[in-house]
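Okay, input-v5.txt is below, compact mmCIF, C-alpha atoms:
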# COMPACT_ATOMS: atom_id res chain seq x y z
CA MET L 1 0.00 0.00 0.00
CA ALA L 2 2.77 2.40 0.97
CA ASP L 3 4.65 1.59 -2.25
CA ARG L 4 1.53 2.30 -4.31
CA LEU L 5 1.04 5.64 -2.57
CA ARG L 6 4.67 6.57 -3.14
CA ALA L 7 4.41 5.64 -6.82
CA LEU L 8 1.19 7.64 -7.15
CA PHE L 9 2.72 10.66 -5.43
CA LYS L 10 5.80 10.42 -7.64
CA GLY L 11 3.64 10.28 -10.76
CA GLU L 12 1.56 13.27 -9.65
CA ALA L 13 4.71 15.26 -8.78
CA LEU L 14 6.21 14.48 -12.19
CA THR L 15 3.02 15.60 -13.95
CA TYR L 16 2.98 18.92 -12.08
CA ALA L 17 6.68 19.36 -12.83
CA TYR L 18 6.02 18.97 -16.58
CA LEU L 19 3.11 21.41 -16.39
CA LEU L 20 5.19 24.00 -14.54
CA LEU L 21 7.98 23.52 -17.08
CA TYR L 22 5.54 24.12 -19.94
CA ILE L 23 4.07 27.24 -18.31
CA ALA L 24 7.54 28.61 -17.48
CA LEU L 25 8.99 27.97 -20.95
CA SER L 26 5.90 29.21 -22.78
CA SER L 27 5.71 32.43 -20.77
CA GLY L 28 9.47 32.89 -20.78
CA GLN L 29 9.72 32.52 -24.57
CA ILE L 30 7.13 35.25 -25.11
CA PHE L 31 9.01 37.61 -22.77
CA PHE L 32 12.34 36.66 -24.33
CA ASN L 33 11.15 37.48 -27.86
CA LYS L 34 9.64 40.78 -26.74
CA TRP L 35 12.91 41.67 -25.00
CA VAL L 36 14.94 40.84 -28.12
CA LEU L 37 12.68 42.75 -30.52
CA SER L 38 12.10 45.80 -28.32
CA SER L 39 13.93 48.99 -29.29
CA LYS L 40 14.34 49.72 -25.57
CA GLU L 41 16.09 46.42 -24.84
CA ILE L 42 18.22 44.32 -27.23
CA ASN L 43 16.90 46.28 -30.24
CA PHE L 44 16.84 43.53 -32.86
CA PRO L 45 13.90 44.86 -34.92
CA TYR L 46 13.85 41.99 -37.39
CA PRO L 47 10.97 39.61 -36.53
CA LEU L 48 11.35 37.76 -39.82
CA GLY L 49 15.04 37.20 -39.19
CA LEU L 50 14.41 36.06 -35.61
CA THR L 51 11.67 33.64 -36.65
CA LEU L 52 13.79 32.30 -39.52
CA LEU L 53 16.63 31.69 -37.08
CA HIS L 54 14.29 29.72 -34.79
CA MET L 55 13.14 27.48 -37.63
CA VAL L 56 16.67 26.83 -38.95
CA PHE L 57 17.89 26.06 -35.43
CA SER L 58 14.93 23.72 -34.84
CA SER L 59 15.52 21.95 -38.17
CA VAL L 60 19.21 21.34 -37.45
CA LEU L 61 18.61 20.22 -33.86
CA CYS L 62 15.79 17.84 -34.88
CA PHE L 63 18.04 16.28 -37.52
CA LEU L 64 20.88 15.82 -35.03
CA LEU L 65 18.65 14.31 -32.32
CA THR L 66 16.76 11.93 -34.62
CA LYS L 67 19.21 11.00 -37.38
CA VAL L 68 22.71 11.49 -35.98
CA PHE L 69 22.52 10.79 -32.24
CA LYS L 70 19.21 8.89 -32.54
CA ILE L 71 18.05 10.02 -29.11
CA MET L 72 14.49 10.49 -30.36
CA LYS L 73 12.37 8.69 -32.90
CA ILE L 74 10.16 10.25 -35.56
CA GLU L 75 7.01 8.72 -36.96
CA GLU L 76 7.61 6.82 -40.20
CA GLY L 77 5.42 6.72 -43.30
CA MET L 78 6.05 10.20 -44.67
CA THR L 79 6.07 10.31 -48.47
CA VAL L 80 6.84 13.07 -50.97
CA GLU L 81 3.15 13.28 -51.91
CA ILE L 82 2.04 13.62 -48.28
CA TYR L 83 4.79 16.16 -47.56
CA VAL L 84 3.87 18.37 -50.52
CA SER L 85 0.10 18.14 -50.12
CA SER L 86 -0.13 18.13 -46.32
CA VAL L 87 3.02 19.26 -44.52
CA MET L 88 3.88 22.23 -46.75
CA PRO L 89 0.53 24.04 -46.26
CA ILE L 90 0.85 23.52 -42.50
CA GLY L 91 4.46 24.76 -42.56
CA ALA L 92 3.48 27.84 -44.54
CA MET L 93 0.72 28.76 -42.06
CA PHE L 94 3.04 28.08 -39.13
CA ALA L 95 5.62 30.46 -40.64
CA MET L 96 2.92 33.10 -41.17
CA THR L 97 1.74 32.77 -37.56
CA LEU L 98 5.23 33.17 -36.10
CA TRP L 99 6.23 36.02 -38.39
CA LEU L 100 3.11 38.15 -37.85
CA GLY L 101 2.87 37.29 -34.14
CA ASN L 102 6.45 38.36 -33.48
CA THR L 103 6.02 41.51 -35.57
CA ALA L 104 3.02 42.50 -33.44
CA TYR L 105 5.28 42.66 -30.35
CA MET L 106 7.04 45.64 -31.92
CA TYR L 107 3.81 47.67 -31.84
CA ILE L 108 1.67 46.42 -28.95
CA SER L 109 2.31 45.21 -25.43
CA VAL L 110 2.69 41.54 -24.56
CA ALA L 111 -0.43 41.68 -22.38
CA PHE L 112 -2.60 43.19 -25.11
CA ALA L 113 -1.26 40.73 -27.70
CA GLN L 114 -2.21 37.89 -25.35
CA MET L 115 -5.70 39.33 -24.93
CA LEU L 116 -6.18 39.51 -28.70
CA LYS L 117 -5.10 35.86 -29.02
CA ALA L 118 -8.18 34.89 -26.99
CA ILE L 119 -10.16 35.38 -30.22
CA MET L 120 -8.49 32.24 -31.62
CA PRO L 121 -11.45 29.84 -31.02
CA VAL L 122 -13.70 32.24 -32.97
CA ALA L 123 -11.36 32.23 -35.96
CA VAL L 124 -10.98 28.43 -35.82
CA PHE L 125 -14.74 27.92 -35.55
CA ILE L 126 -15.62 30.29 -38.42
CA LEU L 127 -13.03 28.69 -40.71
CA GLY L 128 -14.16 25.25 -39.54
CA VAL L 129 -17.76 26.03 -40.50
CA ALA L 130 -16.58 27.31 -43.89
CA ALA L 131 -14.58 24.11 -44.44
CA GLY L 132 -17.45 21.88 -43.33
CA LEU L 133 -15.63 20.70 -40.21
CA GLU L 134 -17.90 22.46 -37.70
CA VAL L 135 -21.66 22.93 -37.45
CA MET L 136 -23.22 26.20 -36.36
CA SER L 137 -25.41 25.90 -33.28
CA CYS L 138 -27.03 28.26 -30.78
CA ARG L 139 -24.63 27.10 -28.06
CA MET L 140 -21.53 27.73 -30.19
CA LEU L 141 -22.91 31.07 -31.38
CA LEU L 142 -23.34 32.11 -27.73
CA ILE L 143 -19.80 30.98 -26.83
CA MET L 144 -18.29 32.80 -29.82
CA SER L 145 -20.27 35.94 -28.89
CA VAL L 146 -18.94 35.83 -25.31
CA ILE L 147 -15.34 35.50 -26.50
CA SER L 148 -15.75 38.29 -29.06
CA LEU L 149 -17.37 40.57 -26.49
CA GLY L 150 -14.53 39.96 -24.05
CA VAL L 151 -11.85 40.77 -26.64
CA LEU L 152 -13.73 43.94 -27.67
CA VAL L 153 -13.99 45.10 -24.05
CA ALA L 154 -10.29 44.35 -23.46
CA SER L 155 -9.40 46.32 -26.62
CA TYR L 156 -11.58 49.24 -25.52
CA GLY L 157 -9.68 49.33 -22.24
CA GLU L 158 -6.25 49.42 -23.93
CA ILE L 159 -4.56 52.78 -23.29
CA ASN L 160 -1.81 52.74 -25.94
CA ILE L 161 -3.46 50.90 -28.81
CA SER L 162 -1.62 50.55 -32.13
CA TRP L 163 -3.86 49.45 -34.98
CA ILE L 164 -0.85 48.29 -36.98
CA GLY L 165 0.02 45.93 -34.15
CA VAL L 166 -3.61 44.78 -33.94
CA VAL L 167 -3.61 43.97 -37.67
CA TYR L 168 -0.38 41.98 -37.36
CA GLN L 169 -1.70 40.08 -34.34
CA MET L 170 -5.02 39.31 -36.04
CA GLY L 171 -3.07 38.13 -39.09
CA GLY L 172 -1.15 35.77 -36.82
CA VAL L 173 -4.41 34.51 -35.33
CA VAL L 174 -5.82 33.79 -38.81
CA GLY L 175 -2.60 32.00 -39.75
CA GLU L 176 -2.77 29.81 -36.64
CA ALA L 177 -6.46 29.08 -37.20
CA LEU L 178 -5.70 28.01 -40.78
CA ARG L 179 -2.85 25.81 -39.51
CA LEU L 180 -5.20 24.03 -37.11
CA ILE L 181 -7.79 23.56 -39.86
CA PHE L 182 -5.10 22.20 -42.17
CA MET L 183 -3.97 19.85 -39.39
CA GLU L 184 -7.51 18.51 -39.19
CA ILE L 185 -7.94 18.14 -42.97
CA PHE L 186 -4.46 17.07 -44.07
CA VAL L 187 -3.19 15.09 -41.07
CA LYS L 188 -5.87 13.74 -38.74
CA ARG L 189 -8.38 12.87 -41.48
CA LYS L 190 -5.67 11.05 -43.41
CA GLY L 191 -4.91 8.98 -40.33
CA LEU L 192 -1.37 10.30 -39.93
CA LYS L 193 0.06 9.98 -36.40
CA LEU L 194 2.59 12.73 -35.87
CA ASN L 195 3.90 13.53 -32.41
CA PRO L 196 5.42 16.98 -31.71
CA ILE L 197 8.96 15.77 -32.46
CA SER L 198 7.88 14.40 -35.84
CA LEU L 199 6.01 17.62 -36.63
CA MET L 200 9.03 19.72 -35.71
CA TYR L 201 11.25 17.51 -37.88
CA TYR L 202 8.99 17.75 -40.93
CA VAL L 203 7.49 21.25 -40.54
CA SER L 204 10.51 23.32 -39.40
CA PRO L 205 12.48 23.09 -42.71
CA CYS L 206 9.38 23.97 -44.70
CA SER L 207 8.61 26.93 -42.43
CA ALA L 208 12.22 28.08 -42.69
CA LEU L 209 11.99 28.07 -46.49
CA CYS L 210 8.69 30.00 -46.38
CA LEU L 211 10.32 32.61 -44.13
CA LEU L 212 13.56 32.82 -46.14
CA ILE L 213 11.87 34.21 -49.26
CA PRO L 214 10.19 37.25 -47.62
CA TRP L 215 13.26 37.79 -45.41
CA ILE L 216 15.46 38.22 -48.50
CA PHE L 217 13.16 40.93 -49.86
CA LEU L 218 12.07 42.65 -46.62
CA GLU L 219 14.87 42.43 -44.05
CA LYS L 220 18.12 41.16 -45.53
CA THR L 221 19.22 44.52 -46.97
CA LYS L 222 18.17 46.40 -43.83
CA MET L 223 20.18 44.07 -41.63
CA GLU L 224 23.26 44.47 -43.83
CA GLU L 225 22.98 48.27 -43.89
CA ASN L 226 22.09 48.81 -40.24
CA SER L 227 24.85 47.97 -37.80
CA SER L 228 23.21 49.59 -34.76
CA TRP L 229 21.67 46.33 -33.54
CA ASN L 230 23.69 44.01 -31.37
CA PHE L 231 22.60 40.42 -30.78
CA PRO L 232 25.32 38.40 -28.97
CA LEU L 233 25.81 34.86 -30.26
CA LEU L 234 25.22 33.33 -26.82
CA LEU L 235 21.91 35.17 -26.46
CA LEU L 236 20.97 34.21 -30.00
CA THR L 237 21.60 30.52 -29.29
CA LEU L 238 19.78 30.65 -25.95
CA ASN L 239 16.72 32.28 -27.54
CA SER L 240 16.55 29.59 -30.23
CA LEU L 241 17.14 26.83 -27.69
CA CYS L 242 14.23 28.09 -25.58
CA THR L 243 11.96 27.80 -28.61
CA PHE L 244 13.02 24.20 -29.18
CA ALA L 245 12.70 23.36 -25.47
CA LEU L 246 9.16 24.75 -25.46
CA ASN L 247 8.07 22.29 -28.14
CA LEU L 248 9.73 19.45 -26.21
CA SER L 249 7.81 20.47 -23.10
CA VAL L 250 4.56 20.28 -25.11
CA PHE L 251 5.54 16.70 -26.01
CA LEU L 252 6.10 15.83 -22.34
CA VAL L 253 2.84 17.43 -21.21
CA ILE L 254 0.77 15.70 -23.90
CA THR L 255 2.40 12.36 -23.03
CA HIS L 256 1.83 12.58 -19.27
CA THR L 257 -1.45 14.50 -18.89
CA SER L 258 -4.97 14.68 -20.27
CA ALA L 259 -6.44 16.98 -22.90
CA LEU L 260 -8.31 18.94 -20.24
CA THR L 261 -5.17 19.40 -18.12
CA ILE L 262 -3.12 20.99 -20.89
CA ARG L 263 -5.99 23.32 -21.77
CA VAL L 264 -6.23 24.45 -18.14
CA ALA L 265 -2.45 24.91 -18.10
CA GLY L 266 -2.77 27.06 -21.21
CA VAL L 267 -5.29 29.33 -19.50
CA VAL L 268 -3.03 29.62 -16.43
CA LYS L 269 -0.10 30.47 -18.69
CA ASP L 270 -2.13 33.20 -20.41
CA TRP L 271 -2.91 34.91 -17.11
CA VAL L 272 0.72 34.56 -15.97
CA VAL L 273 1.88 36.29 -19.17
CA VAL L 274 -0.67 39.10 -18.88
CA LEU L 275 0.07 39.87 -15.22
CA LEU L 276 3.86 39.41 -15.32
CA SER L 277 4.24 41.53 -18.45
CA ALA L 278 2.86 44.50 -16.51
CA LEU L 279 5.81 44.14 -14.12
CA LEU L 280 8.48 43.43 -16.73
CA PHE L 281 7.74 45.88 -19.55
CA ALA L 282 7.22 49.63 -19.35
CA ASP L 283 4.82 49.66 -22.34
CA THR L 284 2.29 47.48 -20.49
CA LYS L 285 -0.39 49.43 -18.67
CA LEU L 286 -3.25 47.22 -17.48
CA THR L 287 -6.64 48.72 -16.69
CA ILE L 288 -9.71 47.32 -14.95
CA ILE L 289 -11.51 47.29 -18.31
CA ASN L 290 -8.60 45.33 -19.84
CA LEU L 291 -8.73 42.66 -17.16
CA ALA L 292 -12.53 42.47 -17.09
CA GLY L 293 -12.68 42.03 -20.85
CA TYR L 294 -9.96 39.40 -20.82
CA GLY L 295 -11.73 37.57 -18.00
CA ILE L 296 -14.92 37.43 -20.09
CA ALA L 297 -12.97 36.17 -23.12
CA ILE L 298 -11.18 33.48 -21.07
CA ALA L 299 -14.53 32.31 -19.66
CA GLY L 300 -15.72 31.90 -23.24
CA VAL L 301 -12.53 30.05 -24.18
CA ALA L 302 -13.00 27.70 -21.21
CA ALA L 303 -16.59 27.01 -22.31
CA TYR L 304 -15.36 26.34 -25.86
CA ASN L 305 -12.67 23.91 -24.66
CA ASN L 306 -15.17 22.10 -22.45
CA HIS L 307 -17.65 21.84 -25.33
CA LYS L 308 -15.03 20.43 -27.69
CA LEU L 309 -13.86 17.83 -25.16
CA LYS L 310 -17.41 16.69 -24.40
CA LYS L 311 -18.11 16.47 -28.12
CA GLU L 312 -15.12 14.18 -28.72
CA VAL L 313 -15.91 12.01 -25.68
CA SER L 314 -19.55 11.68 -26.78
CA ARG L 315 -18.30 10.24 -30.04
CA GLY L 316 -16.71 7.47 -28.00
CA ASN L 317 -13.22 8.45 -29.17
CA PRO L 318 -11.13 9.75 -26.27
CA GLU L 319 -7.97 9.36 -28.36
CA GLU L 320 -9.29 11.99 -30.75
CA ALA L 321 -9.91 14.30 -27.83
CA GLU L 322 -6.28 13.89 -26.89
CA SER L 323 -5.13 14.48 -30.46
CA SER L 324 -7.07 17.72 -30.60
CA GLN L 325 -4.29 19.23 -28.55
CA PRO L 326 -1.78 21.57 -30.14
CA THR L 327 1.01 19.25 -31.24
CA LEU L 328 3.32 21.95 -32.38
CA THR L 329 3.34 25.19 -30.48
CA ALA L 330 3.69 28.44 -32.32
CA ALA L 331 6.66 28.83 -30.11
CA SER L 332 7.82 32.22 -31.18
CA SER L 333 4.43 33.79 -30.70
CA ASP L 334 2.74 31.06 -28.68
CA SER L 335 -0.84 31.06 -29.72
CA ASN L 336 -3.71 30.09 -27.59
CA LYS L 337 -5.04 27.02 -29.28
Output the structure of this file as structure tokens.
Amino acid sequence: MADRLRALFKGEALTYAYLLLYIALSSGQIFFNKWVLSSKEINFPYPLGLTLLHMVFSSVLCFLLTKVFKIMKIEEGMTVEIYVSSVMPIGAMFAMTLWLGNTAYMYISVAFAQMLKAIMPVAVFILGVAAGLEVMSCRMLLIMSVISLGVLVASYGEINISWIGVVYQMGGVVGEALRLIFMEIFVKRKGLKLNPISLMYYVSPCSALCLLIPWIFLEKTKMEENSSWNFPLLLLTLNSLCTFALNLSVFLVITHTSALTIRVAGVVKDWVVVLLSALLFADTKLTIINLAGYGIAIAGVAAYNNHKLKKEVSRGNPEEAESSQPTLTAASSDSNK
């Protein structure tokens, strides 16, 4: 009996440790990117370049871990046809999400960006209805209305609002919503089983290529001409390593917890980011209206998550409920899935 209790306690402690690791890395990566991009801090105003670096670093590290050192295994069965028709669209949307999400940090505060991300379920649901993956109902319409109202109230309460930043953030939200829809259409419905490591291995090179093309035209010349920025190599490596570690933590959390647990952890992380950013960054000024609006939006997000989980369980397919989790975090901008 005592051995069973010890084993149970050890398992629970390990689960909480993984959750805390995920929350810490996810929040820390957002703050790290904001710090790097901010003109008042590191002053590396090249979100495309930063995101491209993350994807190249992730690609190289995945190759080393899976093919050279063989510490981790990737799912087999990938073909050229599947890669071109399924992985490339997902990689393109992932690149778009990271690029636009990171760019938004140059114009709006971390807290406000996080509040705008709460609109994600609305974007996913609307696109899902358009693609025939979701069905409109009174309950879902009410949930979407609550989330939208909360985001509108939070936006109304924002003191230093930048509409350019809002447009970039909303573009990132649309990109992430499209990525999730593509995941449903191109991966899950084809019966492909891809864990986060496999997704990182296959998607990162494609995303890097999608980012390389606009970087050449939009930032390459500016970076060569402007020598005022200073990004130490050690800091550069650490920033990229944090992005990779975040995706590994997602893998650990998905493996050791339930679908509901990681969704709750995501909500906790969102509040941690919003509140801590007010202490860490001078451009973050939270108001009562901000927090009230965000609280309303998060309540709607919680209702949406609960509805989705019940829907999957009612189908008698708990595995699908688990697979509905984000299997590849938009690590550089960290979207609320």
Next on the checklist: Using all atoms listed in the file, which protein or nucleic acid residues come within 8 Å of segment 300-304 of chain L? Drop anything in the same chain fewer than 3 positions from it, and give the result as a list in words.
Outcome noted: Ala118, Pro121, Met140, Ile143, Met144, Val146, Ile147, Ile296, Ala297, His307 and Lys308 of chain L
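Distances from L:Val268, L:Ile23, L:Ala104, L:Ala278 to Asn290 of chain L were compared using all atoms listed in the file, and the smallest one belongs to L:Ala278.
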Next on the checklist: Counting all atoms listed in the file, which residue out of L:Ala113, L:Val84, L:Ile74, L:Leu233 sits closest to Asp270 of chain L?
Outcome noted: L:Ala113
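Among the candidates L:Met136, L:Thr51, L:Glu176, L:Val253, the residue lying nearest to Val124 of chain L is L:Glu176 (atoms considered: only C-alpha atoms).
Residue nearest Gly150 of chain L, chosen from L:Leu199, L:Val87, L:Ile119, L:Leu246 and counting only C-alpha atoms: L:Ile119.
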Checklist outcome for this item: In terms of all atoms listed in the file, the residue from L:Thr284, L:Ser38, L:Asn247, L:Ser137 at minimal distance from Tyr201 of chain L is L:Asn247
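Atom CA of Met78 of chain L to atom CA of Leu65 of chain L spans 18.1 Å [interatomic distance, one decimal].
Near Tyr156 of chain L, within 12 Å and counting all atoms listed in the file, sit Phe112, Met115, Leu116, Leu149, Gly150, Leu286, Thr287, Ile288, Ile289, Asn290, Leu291, Ala292, Gly293 and Tyr294 of chain L; same-chain residues fewer than 6 positions away were not included.
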Only C-alpha atoms, please: the residues just picked out, written as a short mmCIF file (atom, residue, chain, number, x, y, z; two decimals), in the coordinates of the input.
data_model
loop_
_atom_site.label_atom_id
_atom_site.label_comp_id
_atom_site.auth_asym_id
_atom_site.auth_seq_id
_atom_site.Cartn_x
_atom_site.Cartn_y
_atom_site.Cartn_z
CA PHE L 112 -2.60 43.19 -25.11
CA MET L 115 -5.70 39.33 -24.93
CA LEU L 116 -6.18 39.51 -28.70
CA LEU L 149 -17.37 40.57 -26.49
CA GLY L 150 -14.53 39.96 -24.05
CA LEU L 286 -3.25 47.22 -17.48
CA THR L 287 -6.64 48.72 -16.69
CA ILE L 288 -9.71 47.32 -14.95
CA ILE L 289 -11.51 47.29 -18.31
CA ASN L 290 -8.60 45.33 -19.84
CA LEU L 291 -8.73 42.66 -17.16
CA ALA L 292 -12.53 42.47 -17.09
CA GLY L 293 -12.68 42.03 -20.85
CA TYR L 294 -9.96 39.40 -20.82
#
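Straight-line separation from atom CA of Gly266 of chain L to atom CA of Leu309 of chain L: 15.0 Å.
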Next on the checklist: as a VMD selection string, please: the residues near segment 15-20 of chain L (cut-off 10 Å, all atoms listed in the file, same-chain neighbours under 2 positions excluded).
Outcome noted: chain L and resid 9 to 13 22 to 26 249 to 257 261 to 262 264 to 266 269
For the residues selected in the previous step, produce a file with C-alpha atoms as an mmCIF file, keeping the file's coordinate frame.
data_model
loop_
_atom_site.group_PDB
_atom_site.id
_atom_site.type_symbol
_atom_site.label_atom_id
_atom_site.label_comp_id
_atom_site.auth_asym_id
_atom_site.auth_seq_id
_atom_site.Cartn_x
_atom_site.Cartn_y
_atom_site.Cartn_z
ATOM 1 C CA PHE L 9 2.720 10.660 -5.430
ATOM 2 C CA LYS L 10 5.800 10.420 -7.640
ATOM 3 C CA GLY L 11 3.640 10.280 -10.760
ATOM 4 C CA GLU L 12 1.560 13.270 -9.650
ATOM 5 C CA ALA L 13 4.710 15.260 -8.780
ATOM 6 C CA TYR L 22 5.540 24.120 -19.940
ATOM 7 C CA ILE L 23 4.070 27.240 -18.310
ATOM 8 C CA ALA L 24 7.540 28.610 -17.480
ATOM 9 C CA LEU L 25 8.990 27.970 -20.950
ATOM 10 C CA SER L 26 5.900 29.210 -22.780
ATOM 11 C CA SER L 249 7.810 20.470 -23.100
ATOM 12 C CA VAL L 250 4.560 20.280 -25.110
ATOM 13 C CA PHE L 251 5.540 16.700 -26.010
ATOM 14 C CA LEU L 252 6.100 15.830 -22.340
ATOM 15 C CA VAL L 253 2.840 17.430 -21.210
ATOM 16 C CA ILE L 254 0.770 15.700 -23.900
ATOM 17 C CA THR L 255 2.400 12.360 -23.030
ATOM 18 C CA HIS L 256 1.830 12.580 -19.270
ATOM 19 C CA THR L 257 -1.450 14.500 -18.890
ATOM 20 C CA THR L 261 -5.170 19.400 -18.120
ATOM 21 C CA ILE L 262 -3.120 20.990 -20.890
ATOM 22 C CA VAL L 264 -6.230 24.450 -18.140
ATOM 23 C CA ALA L 265 -2.450 24.910 -18.100
ATOM 24 C CA GLY L 266 -2.770 27.060 -21.210
ATOM 25 C CA LYS L 269 -0.100 30.470 -18.690
#
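Distances from L:Ile90, L:Leu235, L:Leu218, L:Val68 to Met183 of chain L were compared using all atoms listed in the file, and the smallest one belongs to L:Ile90.
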Checklist entry - Could you name the residues that touch Asn102 of chain L at 12 Å or less, counting all atoms listed in the file, but leaving out those on the same chain fewer than 5 positions away, as a ChimeraX atom specification? => result /L:29-38,44-52,54,95-97,107-110,113-114,165-166,168-173,330-335
Next on the checklist: At a cut-off of 7 Å, using all atoms listed in the file, what residues contact Ser59 of chain L? Leave out same-chain residues fewer than 2 positions from it and give the result as a PyMOL selection string.
Outcome noted: chain L and resi 55-57+61-63+201+204-205
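Reported to one decimal place, the separation of atom CA of Gly175 of chain L from atom CA of Leu211 of chain L is 13.7 Å.
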